[in-house]
$ cat data27.cif   # mmCIF, C-alpha atoms
data_protein
loop_
_atom_site.label_atom_id
_atom_site.label_comp_id
_atom_site.auth_asym_id
_atom_site.auth_seq_id
_atom_site.Cartn_x
_atom_site.Cartn_y
_atom_site.Cartn_z
CA MET H 1 -2.74 2.12 -8.68
CA VAL H 2 -2.10 0.86 -5.14
CA ILE H 3 -0.56 3.30 -2.66
CA ASP H 4 0.66 2.48 0.83
CA MET H 5 0.14 5.74 2.71
CA HIS H 6 1.99 4.75 5.86
CA VAL H 7 5.60 3.52 5.74
CA HIS H 8 8.36 4.28 8.25
CA PRO H 9 11.65 3.98 6.32
CA GLY H 10 13.97 3.90 9.33
CA PHE H 11 15.43 0.55 8.36
CA PHE H 12 16.02 1.21 4.67
CA GLN H 13 19.69 0.30 4.36
CA ASP H 14 20.60 3.40 2.37
CA ILE H 15 20.02 5.56 5.48
CA CYS H 16 21.37 3.04 8.00
CA GLY H 17 25.09 3.66 7.67
CA ASP H 18 25.41 4.54 11.36
CA ARG H 19 24.78 1.59 13.70
CA GLU H 20 24.08 3.75 16.74
CA ARG H 21 21.51 5.70 14.78
CA THR H 22 19.83 2.48 13.61
CA GLU H 23 19.70 1.25 17.21
CA MET H 24 18.25 4.61 18.29
CA ARG H 25 15.47 4.10 15.73
CA ARG H 26 14.72 0.65 17.16
CA GLN H 27 14.27 2.19 20.59
CA ARG H 28 12.25 5.21 19.44
CA TYR H 29 9.85 3.18 17.32
CA GLY H 30 9.77 0.20 19.69
CA LEU H 31 10.78 -2.06 16.79
CA TYR H 32 13.40 -3.90 18.77
CA LYS H 33 14.34 -6.68 16.34
CA THR H 34 14.04 -4.95 12.98
CA SER H 35 17.13 -4.97 10.77
CA PRO H 36 18.13 -2.82 7.78
CA CYS H 37 17.14 -4.08 4.33
CA PRO H 38 18.55 -3.13 0.93
CA LEU H 39 16.47 -1.16 -1.52
CA GLU H 40 16.03 -4.11 -3.88
CA HIS H 41 14.40 -6.05 -1.04
CA THR H 42 12.09 -3.14 -0.14
CA LEU H 43 10.97 -2.85 -3.75
CA ALA H 44 10.51 -6.64 -4.00
CA VAL H 45 8.30 -6.56 -0.88
CA MET H 46 6.24 -3.77 -2.47
CA ASP H 47 5.96 -5.72 -5.73
CA HIS H 48 4.91 -8.83 -3.84
CA ALA H 49 2.10 -6.87 -2.16
CA GLY H 50 1.12 -5.24 -5.46
CA ILE H 51 2.01 -1.78 -4.14
CA ASP H 52 2.93 0.82 -6.74
CA LYS H 53 3.96 3.62 -4.39
CA SER H 54 4.83 3.95 -0.71
CA VAL H 55 4.60 7.18 1.27
CA LEU H 56 7.73 7.55 3.42
CA LEU H 57 7.35 9.23 6.80
CA PRO H 58 10.23 10.85 8.74
CA LEU H 59 10.18 11.76 12.43
CA ASP H 60 11.60 14.87 14.10
CA LEU H 61 11.82 14.70 17.91
CA THR H 62 14.40 17.48 18.30
CA THR H 63 12.95 19.12 21.42
CA ILE H 64 11.74 15.87 22.99
CA THR H 65 14.77 13.57 22.78
CA GLY H 66 17.30 15.75 20.97
CA GLU H 67 17.09 13.49 17.93
CA VAL H 68 15.80 13.61 14.40
CA VAL H 69 14.88 9.94 14.16
CA ILE H 70 14.49 10.01 10.38
CA SER H 71 15.36 13.33 8.75
CA ASN H 72 13.68 15.11 5.90
CA ASP H 73 16.92 14.95 3.94
CA GLU H 74 17.09 11.19 4.45
CA VAL H 75 13.57 10.86 3.06
CA ARG H 76 14.58 13.04 0.10
CA THR H 77 17.57 10.73 -0.47
CA LEU H 78 15.32 7.66 -0.51
CA VAL H 79 12.77 9.24 -2.84
CA SER H 80 15.60 10.10 -5.23
CA LEU H 81 16.64 6.42 -5.33
CA ALA H 82 13.23 5.35 -6.62
CA PRO H 83 11.18 8.41 -7.54
CA ASP H 84 8.49 6.35 -9.27
CA ARG H 85 7.95 4.18 -6.17
CA PHE H 86 8.32 6.55 -3.22
CA VAL H 87 6.46 9.68 -2.13
CA GLY H 88 8.27 11.65 0.58
CA PHE H 89 6.60 13.46 3.45
CA ALA H 90 8.20 15.96 5.83
CA SER H 91 8.36 15.96 9.62
CA VAL H 92 8.90 18.96 11.87
CA ASP H 93 8.88 19.06 15.63
CA PRO H 94 6.27 21.79 16.23
CA HIS H 95 8.14 22.95 19.35
CA ARG H 96 11.23 23.87 17.30
CA LYS H 97 11.60 27.62 16.96
CA ASP H 98 12.51 27.14 13.30
CA ALA H 99 9.69 24.67 12.58
CA ALA H 100 8.08 26.89 9.96
CA VAL H 101 11.41 27.62 8.27
CA GLU H 102 12.20 23.91 8.09
CA LEU H 103 8.77 23.14 6.68
CA VAL H 104 9.18 25.71 3.92
CA ARG H 105 12.58 24.15 3.11
CA CYS H 106 10.92 20.72 2.91
CA PHE H 107 8.28 21.92 0.48
CA GLU H 108 10.35 24.32 -1.60
CA ASP H 109 13.86 22.81 -1.63
CA LEU H 110 13.30 19.13 -0.95
CA GLY H 111 10.06 18.88 -2.90
CA LEU H 112 8.33 16.79 -0.24
CA SER H 113 4.66 16.02 -0.79
CA GLY H 114 3.03 16.39 2.61
CA LEU H 115 3.61 16.54 6.34
CA LYS H 116 3.57 13.79 8.97
CA LEU H 117 2.89 14.85 12.54
CA ASN H 118 2.72 12.64 15.61
CA PRO H 119 1.01 14.45 18.51
CA SER H 120 1.85 11.57 20.86
CA SER H 121 5.61 11.32 20.35
CA GLN H 122 6.00 15.04 19.54
CA ARG H 123 3.85 15.97 22.57
CA PHE H 124 1.48 18.61 21.24
CA HIS H 125 -2.26 19.08 21.15
CA PRO H 126 -3.43 19.39 17.53
CA GLY H 127 -5.66 22.36 18.37
CA ASP H 128 -2.90 24.30 20.16
CA ALA H 129 -2.10 27.82 18.91
CA ILE H 130 1.54 26.89 18.21
CA MET H 131 0.29 24.72 15.35
CA ALA H 132 -1.33 27.56 13.39
CA PRO H 133 1.75 28.58 11.34
CA ILE H 134 2.34 24.97 10.36
CA TYR H 135 -1.25 24.42 9.27
CA GLU H 136 -1.25 27.71 7.37
CA LEU H 137 1.88 26.68 5.47
CA CYS H 138 0.29 23.37 4.51
CA VAL H 139 -2.74 25.26 3.21
CA LYS H 140 -0.51 27.73 1.36
CA TYR H 141 1.50 24.97 -0.34
CA ASP H 142 -1.59 22.73 -0.74
CA LYS H 143 0.09 19.84 1.13
CA PRO H 144 -1.87 17.27 3.17
CA ILE H 145 -1.09 16.24 6.74
CA LEU H 146 -0.98 12.65 7.96
CA PHE H 147 -1.53 12.71 11.73
CA HIS H 148 -0.80 9.81 13.98
CA SER H 149 -4.08 9.13 15.78
CA GLY H 150 -5.09 6.74 18.57
CA LEU H 151 -2.80 4.16 20.13
CA SER H 152 0.92 4.37 19.37
CA TRP H 153 3.27 1.48 20.03
CA GLU H 154 6.15 3.93 20.29
CA PRO H 155 7.33 3.73 23.93
CA ASN H 156 7.20 7.41 24.82
CA ALA H 157 3.96 8.39 23.11
CA PRO H 158 0.83 8.94 25.23
CA ALA H 159 -2.41 8.46 23.33
CA LYS H 160 -4.19 11.39 25.00
CA TYR H 161 -2.62 13.82 22.50
CA ALA H 162 -3.86 11.85 19.53
CA ARG H 163 -7.45 11.08 20.42
CA PRO H 164 -9.53 11.76 17.28
CA LEU H 165 -11.63 14.49 18.94
CA GLU H 166 -8.40 16.47 19.40
CA PHE H 167 -8.41 17.03 15.62
CA GLU H 168 -11.91 18.49 15.28
CA ASP H 169 -10.78 22.08 15.70
CA VAL H 170 -8.19 21.59 12.94
CA ALA H 171 -10.80 20.11 10.58
CA LEU H 172 -13.16 22.96 11.40
CA GLU H 173 -10.73 25.88 11.22
CA TYR H 174 -8.84 24.71 8.11
CA PRO H 175 -11.47 23.32 5.73
CA GLU H 176 -9.03 23.53 2.80
CA LEU H 177 -6.48 21.37 4.65
CA ARG H 178 -6.66 17.65 3.88
CA ILE H 179 -5.93 15.68 7.04
CA CYS H 180 -5.68 11.93 7.52
CA LEU H 181 -6.14 10.50 11.02
CA ALA H 182 -3.99 7.39 10.79
CA HIS H 183 -4.80 4.01 12.33
CA PHE H 184 -8.54 4.81 12.29
CA GLY H 185 -7.83 6.54 15.61
CA TRP H 186 -8.07 3.14 17.27
CA PRO H 187 -9.51 2.44 19.79
CA TRP H 188 -11.68 5.57 19.40
CA ILE H 189 -13.31 4.37 16.22
CA GLU H 190 -16.64 6.13 16.84
CA GLU H 191 -14.88 9.49 17.18
CA THR H 192 -13.07 8.88 13.89
CA VAL H 193 -16.34 7.91 12.21
CA MET H 194 -17.97 11.09 13.52
CA LEU H 195 -15.20 13.24 12.02
CA LEU H 196 -15.25 11.33 8.72
CA ILE H 197 -18.98 11.80 8.28
CA LYS H 198 -19.03 15.47 9.24
CA TYR H 199 -15.86 16.96 7.71
CA PRO H 200 -15.08 16.57 3.98
CA ASN H 201 -11.38 17.26 4.63
CA VAL H 202 -10.91 14.37 7.11
CA PHE H 203 -9.63 10.97 5.99
CA THR H 204 -8.30 7.90 7.78
CA ASP H 205 -6.01 4.98 6.95
CA THR H 206 -6.00 1.22 7.46
CA SER H 207 -2.68 0.90 9.27
CA LEU H 208 -4.01 -0.84 12.34
CA LEU H 209 -3.48 -4.36 13.63
CA TYR H 210 -3.48 -4.20 17.39
CA LEU H 211 -5.06 -7.56 18.10
CA ASP H 212 -5.59 -10.78 16.15
CA SER H 213 -4.74 -11.50 12.52
CA PRO H 214 -5.44 -8.89 9.81
CA LYS H 215 -8.50 -10.85 8.65
CA ASP H 216 -9.96 -11.12 12.17
CA PHE H 217 -9.08 -7.56 13.18
CA TYR H 218 -10.49 -5.92 10.06
CA GLU H 219 -13.63 -8.04 10.37
CA GLN H 220 -14.04 -6.76 13.94
CA LEU H 221 -13.45 -3.15 12.85
CA PHE H 222 -15.42 -2.98 9.64
CA LYS H 223 -18.25 -5.44 10.37
CA LYS H 224 -18.78 -5.30 14.14
CA ASN H 225 -17.42 -2.05 15.58
CA MET H 226 -18.80 -0.33 12.50
CA GLY H 227 -22.00 -1.17 10.68
CA PRO H 228 -21.26 -3.71 7.92
CA LEU H 229 -22.11 -1.25 5.11
CA TRP H 230 -20.78 1.96 6.65
CA VAL H 231 -17.65 2.08 4.51
CA ASP H 232 -19.40 1.16 1.25
CA ARG H 233 -22.23 3.62 1.87
CA ASN H 234 -20.48 6.50 3.59
CA PHE H 235 -16.70 6.31 3.60
CA ALA H 236 -15.66 4.75 0.30
CA ASP H 237 -13.85 8.00 -0.52
CA LYS H 238 -12.39 8.56 2.96
CA VAL H 239 -10.33 5.46 3.80
CA LEU H 240 -6.74 5.15 2.55
CA PHE H 241 -4.67 1.98 2.46
CA GLY H 242 -1.76 2.16 4.88
CA SER H 243 0.37 -0.62 6.33
CA ASN H 244 2.50 0.98 9.04
CA ALA H 245 5.44 -1.02 7.63
CA PRO H 246 7.74 -2.30 9.01
CA ARG H 247 5.56 -2.82 12.09
CA PHE H 248 2.94 -4.65 10.03
CA ARG H 249 3.56 -6.47 6.77
CA PRO H 250 1.92 -4.69 3.82
CA VAL H 251 0.88 -7.86 1.99
CA ARG H 252 -0.89 -9.19 5.08
CA LEU H 253 -2.90 -6.00 5.59
CA ARG H 254 -3.85 -5.92 1.91
CA GLU H 255 -4.98 -9.56 2.09
CA GLY H 256 -6.98 -8.75 5.22
CA LEU H 257 -8.72 -5.83 3.50
CA GLU H 258 -9.53 -7.98 0.48
CA LYS H 259 -11.30 -10.47 2.75
CA VAL H 260 -13.59 -7.88 4.39
CA GLY H 261 -16.10 -8.05 1.54
CA PHE H 262 -16.14 -4.42 0.41
CA LYS H 263 -17.67 -3.68 -2.97
CA PRO H 264 -14.95 -3.95 -5.66
CA ARG H 265 -15.16 -0.22 -6.39
CA THR H 266 -14.80 0.59 -2.68
CA LEU H 267 -11.74 -1.64 -2.40
CA GLU H 268 -10.19 -0.03 -5.46
CA LYS H 269 -10.66 3.39 -3.88
CA ILE H 270 -9.24 2.33 -0.54
CA LEU H 271 -6.19 0.69 -2.09
CA GLY H 272 -5.18 3.67 -4.18
CA LEU H 273 -7.67 6.04 -5.75
CA ASN H 274 -8.38 7.84 -2.49
CA ALA H 275 -4.65 8.36 -1.92
CA VAL H 276 -4.30 9.75 -5.45
CA HIS H 277 -6.92 12.35 -4.49
CA PHE H 278 -5.44 12.98 -1.02
CA LEU H 279 -1.96 13.47 -2.45
CA LYS H 280 -3.23 15.30 -5.54
CA LEU H 281 -1.37 12.97 -7.86
CA GLU H 282 -4.02 13.26 -10.58
CA ALA H 283 -1.87 15.59 -12.66
CA MET N 1 39.15 -29.94 12.24
CA VAL N 2 36.01 -27.76 12.23
CA LYS N 3 35.18 -25.28 9.46
CA LEU N 4 32.15 -22.98 9.54
CA LYS N 5 30.64 -20.81 6.82
CA THR N 6 27.67 -18.47 7.06
CA VAL N 7 25.73 -18.03 3.82
CA ARG N 8 23.37 -15.08 3.36
CA LEU N 9 20.54 -14.93 0.85
CA ARG N 10 17.34 -13.05 0.07
CA SER N 11 14.13 -14.95 -0.46
CA VAL N 12 11.83 -13.54 -3.13
CA LYS N 13 8.65 -15.55 -2.48
CA GLU N 14 6.55 -16.39 0.58
CA PHE N 15 7.29 -20.09 -0.02
CA GLN N 16 10.52 -20.80 -1.82
CA MET N 17 12.68 -23.91 -2.13
CA ILE N 18 16.22 -22.77 -2.82
CA LYS N 19 18.59 -25.53 -3.91
CA ILE N 20 21.92 -25.18 -2.10
CA THR N 21 23.55 -28.55 -2.87
CA GLY N 22 26.35 -27.01 -4.92
CA GLU N 23 27.13 -24.38 -2.27
CA VAL N 24 27.47 -27.08 0.41
CA ALA N 25 29.55 -29.44 -1.77
CA ASP N 26 31.90 -26.60 -2.72
CA PHE N 27 32.51 -25.63 0.90
CA VAL N 28 33.21 -29.27 1.84
CA ALA N 29 35.76 -29.51 -0.98
CA GLN N 30 37.45 -26.27 0.13
CA SER N 31 37.40 -27.11 3.84
CA GLY N 32 40.37 -29.50 3.81
CA VAL N 33 38.39 -32.10 5.77
CA GLN N 34 38.92 -35.53 4.25
CA ASN N 35 36.62 -37.69 6.39
CA GLY N 36 33.81 -36.60 8.70
CA LEU N 37 30.41 -34.96 8.51
CA VAL N 38 28.88 -31.80 7.05
CA ALA N 39 25.90 -30.17 8.75
CA VAL N 40 23.67 -27.55 7.16
CA ILE N 41 21.66 -25.53 9.69
CA THR N 42 19.24 -22.65 9.20
CA ALA N 43 19.53 -19.57 11.40
CA HIS N 44 15.76 -18.96 11.56
CA THR N 45 12.53 -20.33 13.01
CA THR N 46 10.35 -19.87 9.93
CA THR N 47 12.67 -21.55 7.43
CA GLY N 48 13.86 -25.11 7.07
CA ILE N 49 16.62 -27.25 5.67
CA MET N 50 15.14 -30.07 3.64
CA MET N 51 16.50 -32.93 1.54
CA ASN N 52 14.43 -34.19 -1.34
CA GLU N 53 14.39 -34.81 -5.07
CA SER N 54 14.83 -31.73 -7.20
CA LEU N 55 11.86 -32.11 -9.49
CA PRO N 56 9.31 -29.30 -10.03
CA CYS N 57 6.44 -31.75 -9.44
CA VAL N 58 7.89 -32.86 -6.11
CA GLU N 59 8.49 -29.27 -5.03
CA GLU N 60 4.89 -28.40 -5.95
CA ASP N 61 3.56 -31.40 -3.99
CA ILE N 62 5.62 -30.40 -0.95
CA GLU N 63 4.28 -26.83 -1.05
CA GLU N 64 0.67 -27.93 -1.51
CA ALA N 65 0.87 -30.62 1.18
CA LEU N 66 2.26 -28.13 3.70
CA GLU N 67 -0.43 -25.60 2.78
CA ARG N 68 -3.16 -28.22 3.27
CA LEU N 69 -1.78 -29.17 6.67
CA ILE N 70 -1.08 -25.60 7.78
CA PRO N 71 -3.39 -23.10 6.03
CA LYS N 72 -2.61 -19.39 6.00
CA ASP N 73 -5.81 -18.45 7.85
CA SER N 74 -6.57 -20.31 11.05
CA SER N 75 -6.99 -19.52 14.74
CA TYR N 76 -3.28 -19.31 15.50
CA MET N 77 -2.43 -18.13 19.03
CA HIS N 78 0.70 -16.41 17.69
CA ALA N 79 -1.52 -13.74 16.02
CA HIS N 80 -1.17 -11.13 18.76
CA PHE N 81 1.01 -8.14 19.54
CA LEU N 82 4.53 -9.11 20.61
CA PRO N 83 6.03 -6.38 22.82
CA SER N 84 9.56 -7.74 22.48
CA TYR N 85 9.36 -7.24 18.70
CA GLY N 86 7.00 -4.28 18.53
CA THR N 87 5.02 -6.11 15.86
CA THR N 88 2.08 -8.46 15.59
CA GLY N 89 2.83 -12.14 15.05
CA GLY N 90 1.56 -13.00 11.61
CA ASN N 91 3.72 -15.94 10.69
CA SER N 92 2.50 -18.92 12.68
CA PRO N 93 2.20 -21.02 9.49
CA GLY N 94 5.90 -20.39 8.89
CA HIS N 95 6.81 -21.60 12.38
CA LEU N 96 4.73 -24.75 12.01
CA LYS N 97 6.06 -25.58 8.55
CA SER N 98 9.56 -25.09 9.88
CA MET N 99 8.76 -27.57 12.66
CA LEU N 100 7.73 -30.18 10.10
CA SER N 101 10.69 -29.51 7.85
CA GLY N 102 13.36 -29.44 10.54
CA ASN N 103 16.19 -26.98 10.78
CA ASN N 104 19.14 -29.05 9.53
CA CYS N 105 20.54 -31.94 7.54
CA ILE N 106 23.74 -33.96 7.96
CA LEU N 107 25.72 -35.81 5.30
CA PRO N 108 28.93 -37.86 5.33
CA VAL N 109 32.24 -36.54 4.03
CA GLN N 110 34.57 -39.07 2.48
CA ASP N 111 37.88 -38.51 0.70
CA GLY N 112 37.35 -34.75 0.81
CA LYS N 113 33.91 -34.85 -0.85
CA MET N 114 30.32 -34.67 0.33
CA VAL N 115 28.54 -38.03 -0.05
CA ILE N 116 24.95 -37.69 -1.28
CA GLY N 117 22.34 -40.00 -2.83
CA HIS N 118 21.75 -39.70 -6.57
CA ALA N 119 18.18 -38.39 -6.13
CA GLN N 120 18.98 -36.13 -3.20
CA ASP N 121 19.36 -32.38 -3.16
CA ILE N 122 19.65 -29.97 -0.26
CA TYR N 123 17.20 -27.11 0.02
CA PHE N 124 17.02 -23.98 2.11
CA VAL N 125 13.25 -23.56 2.36
CA GLU N 126 11.55 -20.23 2.99
CA PHE N 127 8.18 -20.43 4.74
CA ASP N 128 7.74 -16.74 5.60
CA GLY N 129 9.19 -14.68 2.77
CA LEU N 130 10.18 -12.28 1.56
CA LYS N 131 13.12 -11.98 3.98
CA MET N 132 16.86 -11.54 4.34
CA ARG N 133 18.09 -14.96 5.47
CA SER N 134 21.19 -16.92 6.43
CA TYR N 135 22.23 -20.51 7.09
CA PHE N 136 25.37 -22.24 8.35
CA ILE N 137 27.51 -24.95 6.78
CA GLU N 138 29.78 -26.70 9.25
CA VAL N 139 32.29 -29.40 8.29
CA ILE N 140 33.64 -31.55 11.12
CA GLY N 141 36.32 -34.23 10.67
CA GLU N 142 39.95 -34.99 10.01
#
$ encode --input "data27.cif" --output "structure tokens"
Amino acid sequence: MVIDMHVHPGFFQDICGDRERTEMRRQRYGLYKTSPCPLEHTLAVMDHAGIDKSVLLPLDLTTITGEVVISNDEVRTLVSLAPDRFVGFASVDPHRKDAAVELVRCFEDLGLSGLKLNPSSQRFHPGDAIMAPIYELCVKYDKPILFHSGLSWEPNAPAKYARPLEFEDVALEYPELRICLAHFGWPWIEETVMLLIKYPNVFTDTSLLYLDSPKDFYEQLFKKNMGPLWVDRNFADKVLFGSNAPRFRPVRLREGLEKVGFKPRTLEKILGLNAVHFLKLEA
Amino acid sequence: MVKLKTVRLRSVKEFQMIKITGEVADFVAQSGVQNGLVAVITAHTTTGIMMNESLPCVEEDIEEALERLIPKDSSYMHAHFLPSYGTTGGNSPGHLKSMLSGNNCILPVQDGKMVIGHAQDIYFVEFDGLKMRSYFIEVIGE
């Protein structure tokens, strides 16, 4: 089982009927030359990369830009088109007065499987008191949170909100809440490593390619910035495969990971088994 | 007279030779041009238009020769973040293979038909799949 934990579906043709809305997504994500693709192409790209399931992430910026960039209902629509291939997450702008109501609707009515939050583009500090009702709902419904962490290429998204240390209070105060700090929190890798080693409920994903080719960048991350055996020895259960598609091509990131030289069992866990646990798909 | 057609397709492999001879010949026949030229031109920088013999062994040799010349992993300068795209350049091999292949082919049109050698076929060649692609067929003549 291979699971891509980090896919932005803004250019899936089935939710791109409105040209202005598609152009808005290009600007919000900073993906200026990305075009809509039909579902059969998306599934073919997944098949080519050997990916069984992709986790689809919406984005609610209601109080920041006045836009829901990708809505929860749009994600629900996409999951319904290929329920065996897609896992849908929710997004709520934490500054919305009805954020908790919308989140309950996502979990109860739309059947979404987790929550994506982006402190940088949604402009909140993860440890802020306004977040408590949202975290409590995720604990109540046993849903994980995927946080953007570290550098964001989105144009209006300062990294200061998403520095890994910002998430320590969340990990500490909500030990039952599974949280994934996406992108390894790059460039603050040591902070991410500190949280991974200390808190059982903290995970990270591999959706980072800020410099170089996937092979070169992962070699730098996993063999130089980190000790060469740190993942095998300490974090084999904590790293989830994520591509950040369409910004980075899933097959390239998978090939890059396969060239790092992890133990086969570690690679198997990174590519899918850890996500099965994080998403509680065992049943 | 000038007639232009845009053809769209979806590549399903990273390297894929897609034979388009029939598509081009059909458009020439429908164009109304009796004598002139037909040009086939790709719309992309990581694909090519190639003419060669349509034999599986030849296609395999072409793919392997290009891979030997331009391996997937090398120190390509294109492998960096591209702000104008918002993505990281990961397809330098596709650009270089496209350079070797060329982006077009031209054939004569005589008596309303495309003129082509008995061993020749026209290929749209994908060097950076899987992608949504397009190419142009333009017939120019009288």
$ closest_residue --input "data27.cif" --among "H:Ser213, H:Ser149, H:Thr192, H:Asn201" --to "chain N" --atoms "all atoms listed in the file"
H:Ser213
$ closest_residue --input "data27.cif" --among "N:Glu14, N:Glu138, N:Glu63, N:Glu126" --to "N:Ser98" --atoms "all atoms listed in the file"
N:Glu126
$ closest_residue --input "data27.cif" --among "N:Ile41, N:Ile62, N:Ile106, N:Leu82" --to "chain H" --atoms "all atoms listed in the file"
N:Leu82
$ residues_around --input "data27.cif" --residues "N:Lys19" --least-positions-apart "4" --cutoff "9 Å" --atoms "all atoms listed in the file" --output "ChimeraX atom specification"
/N:23,54,121-125
$ write_last_selection --input "data27.cif" --atoms "C-alpha atoms" --output "mmCIF file, in the frame of the given file"
data_model
loop_
_atom_site.group_PDB
_atom_site.id
_atom_site.type_symbol
_atom_site.label_atom_id
_atom_site.label_comp_id
_atom_site.auth_asym_id
_atom_site.auth_seq_id
_atom_site.Cartn_x
_atom_site.Cartn_y
_atom_site.Cartn_z
ATOM 1 C CA GLU N 23 27.130 -24.380 -2.270
ATOM 2 C CA SER N 54 14.830 -31.730 -7.200
ATOM 3 C CA ASP N 121 19.360 -32.380 -3.160
ATOM 4 C CA ILE N 122 19.650 -29.970 -0.260
ATOM 5 C CA TYR N 123 17.200 -27.110 0.020
ATOM 6 C CA PHE N 124 17.020 -23.980 2.110
ATOM 7 C CA VAL N 125 13.250 -23.560 2.360
#
$ residues_around --input "data27.cif" --residues "H:Leu146" --least-positions-apart "2" --cutoff "9 Å" --atoms "only C-alpha atoms" --output "MDAnalysis selection string"
chainID H and resid 5:6 89 114:118 144 148 178:182 204
$ residues_around --input "data27.cif" --residues "stretch 267-269 of chain H" --least-positions-apart "5" --cutoff "7 Å" --atoms "only C-alpha atoms" --output "PDB file with C-alpha atoms, in the coordinates of the input"
ATOM      1  CA  ALA H 236     -15.660   4.750   0.300  1.00  0.00           C
ATOM      2  CA  ASP H 237     -13.850   8.000  -0.520  1.00  0.00           C
ATOM      3  CA  PHE H 262     -16.140  -4.420   0.410  1.00  0.00           C
ATOM      4  CA  ASN H 274      -8.380   7.840  -2.490  1.00  0.00           C
TER       5      ASN H 274
END
$ resolve_selection --input "data27.cif" --expression "the PyMOL selection byres ((chain H) within 8 of (chain N))" --output "list in words"
Gly30, Leu31, Tyr32, Lys33, Thr34, Cys37, His41, Ala44, Val45, His48, Trp153, Leu209, Tyr210, Leu211, Asp212, Ser213, Arg247, Phe248 and Arg252 of chain H
$ atom_distance --input "data27.cif" --atom1 "atom CA of N:Asn103" --atom2 "atom CA of N:Thr42"
5.5 Å
$ resolve_selection --input "data27.cif" --expression "the PyMOL selection byres ((chain H and resi 68) around 10)" --output "ChimeraX atom specification"
/H:21,25,58-67,69-72,91-93
$ closest_residue --input "data27.cif" --among "H:Ile130, H:Val251, H:Leu257, H:Leu165" --to "H:Thr206" --atoms "only C-alpha atoms"
H:Leu257
$ closest_residue --input "data27.cif" --among "N:Leu96, N:Cys57, N:Ile140, N:Val115" --to "N:Lys72" --atoms "all atoms listed in the file"
N:Leu96
$ residues_around --input "data27.cif" --residues "N:Val24" --least-positions-apart "4" --cutoff "7 Å" --atoms "all atoms listed in the file" --output "list in words"
Ile20, Val28 and Ile137 of chain N
$ write_last_selection --input "data27.cif" --atoms "C-alpha atoms" --output "PDB file, keeping the file's coordinate frame"
ATOM      1  CA  ILE N  20      21.920 -25.180  -2.100  1.00  0.00           C
ATOM      2  CA  VAL N  28      33.210 -29.270   1.840  1.00  0.00           C
ATOM      3  CA  ILE N 137      27.510 -24.950   6.780  1.00  0.00           C
TER       4      ILE N 137
END
$ resolve_selection --input "data27.cif" --expression "the PyMOL selection byres ((chain H and resi 16) around 12)" --output "ChimeraX atom specification"
/H:9-15,17-26,34-39,69-71,74,78
$ residues_near_point --input "data27.cif" --point "(-10.0, 1.7, 11.2)" --cutoff "10 Å" --atoms "all atoms listed in the file" --output "tab-separated table (two decimals) with C-alpha atoms, in the coordinates of the input"
chain	number	residue	atom	x	y	z
H	181	LEU	CA	-6.14	10.50	11.02
H	182	ALA	CA	-3.99	7.39	10.79
H	183	HIS	CA	-4.80	4.01	12.33
H	184	PHE	CA	-8.54	4.81	12.29
H	185	GLY	CA	-7.83	6.54	15.61
H	186	TRP	CA	-8.07	3.14	17.27
H	187	PRO	CA	-9.51	2.44	19.79
H	188	TRP	CA	-11.68	5.57	19.40
H	189	ILE	CA	-13.31	4.37	16.22
H	190	GLU	CA	-16.64	6.13	16.84
H	192	THR	CA	-13.07	8.88	13.89
H	193	VAL	CA	-16.34	7.91	12.21
H	204	THR	CA	-8.30	7.90	7.78
H	205	ASP	CA	-6.01	4.98	6.95
H	206	THR	CA	-6.00	1.22	7.46
H	207	SER	CA	-2.68	0.90	9.27
H	208	LEU	CA	-4.01	-0.84	12.34
H	209	LEU	CA	-3.48	-4.36	13.63
H	217	PHE	CA	-9.08	-7.56	13.18
H	218	TYR	CA	-10.49	-5.92	10.06
H	220	GLN	CA	-14.04	-6.76	13.94
H	221	LEU	CA	-13.45	-3.15	12.85
H	222	PHE	CA	-15.42	-2.98	9.64
H	225	ASN	CA	-17.42	-2.05	15.58
H	226	MET	CA	-18.80	-0.33	12.50
H	239	VAL	CA	-10.33	5.46	3.80
H	240	LEU	CA	-6.74	5.15	2.55
$ residues_near_point --input "data27.cif" --point "(0.2, 15.4, 24.0)" --cutoff "9 Å" --atoms "all atoms listed in the file" --output "list in words"
Pro119, Ser120, Ser121, Gln122, Arg123, Phe124, His125, Pro126, Ala157, Pro158, Ala159, Lys160, Tyr161 and Ala162 of chain H
$ atom_distance --input "data27.cif" --atom1 "atom CA of H:Pro228" --atom2 "atom CA of H:Thr266"
13.1 Å
$ closest_residue --input "data27.cif" --among "H:Tyr29, H:Arg85, H:Leu279, H:Ala90" --to "H:Ser54" --atoms "all atoms listed in the file"
H:Arg85
$ atom_distance --input "data27.cif" --atom1 "atom CA of H:Arg28" --atom2 "atom CA of H:Val55"
19.8 Å
$ residues_around --input "data27.cif" --residues "N:Ala29" --least-positions-apart "2" --cutoff "12 Å" --atoms "all atoms listed in the file" --output "JSON, numbers by chain"
{"N": [3, 22, 23, 24, 25, 26, 27, 31, 32, 33, 34, 35, 38, 109, 110, 111, 112, 113, 114, 115, 139]}
$ decode --input "data27.cif" --residues "stretch 102-112 of chain N" --atoms "C-alpha atoms" --output "CSV table (one decimal), in the first residue's frame"
chain,number,residue,atom,x,y,z
N,102,GLY,CA,13.6,18.4,-33.2
N,103,ASN,CA,10.2,19.9,-32.9
N,104,ASN,CA,8.9,19.4,-36.4
N,105,CYS,CA,8.9,17.5,-39.7
N,106,ILE,CA,7.9,18.7,-43.2
N,107,LEU,CA,6.6,16.5,-46.1
N,108,PRO,CA,5.5,17.3,-49.7
N,109,VAL,CA,1.9,17.3,-50.8
N,110,GLN,CA,1.2,16.2,-54.3
N,111,ASP,CA,-2.2,15.7,-56.0
N,112,GLY,CA,-4.0,16.2,-52.7
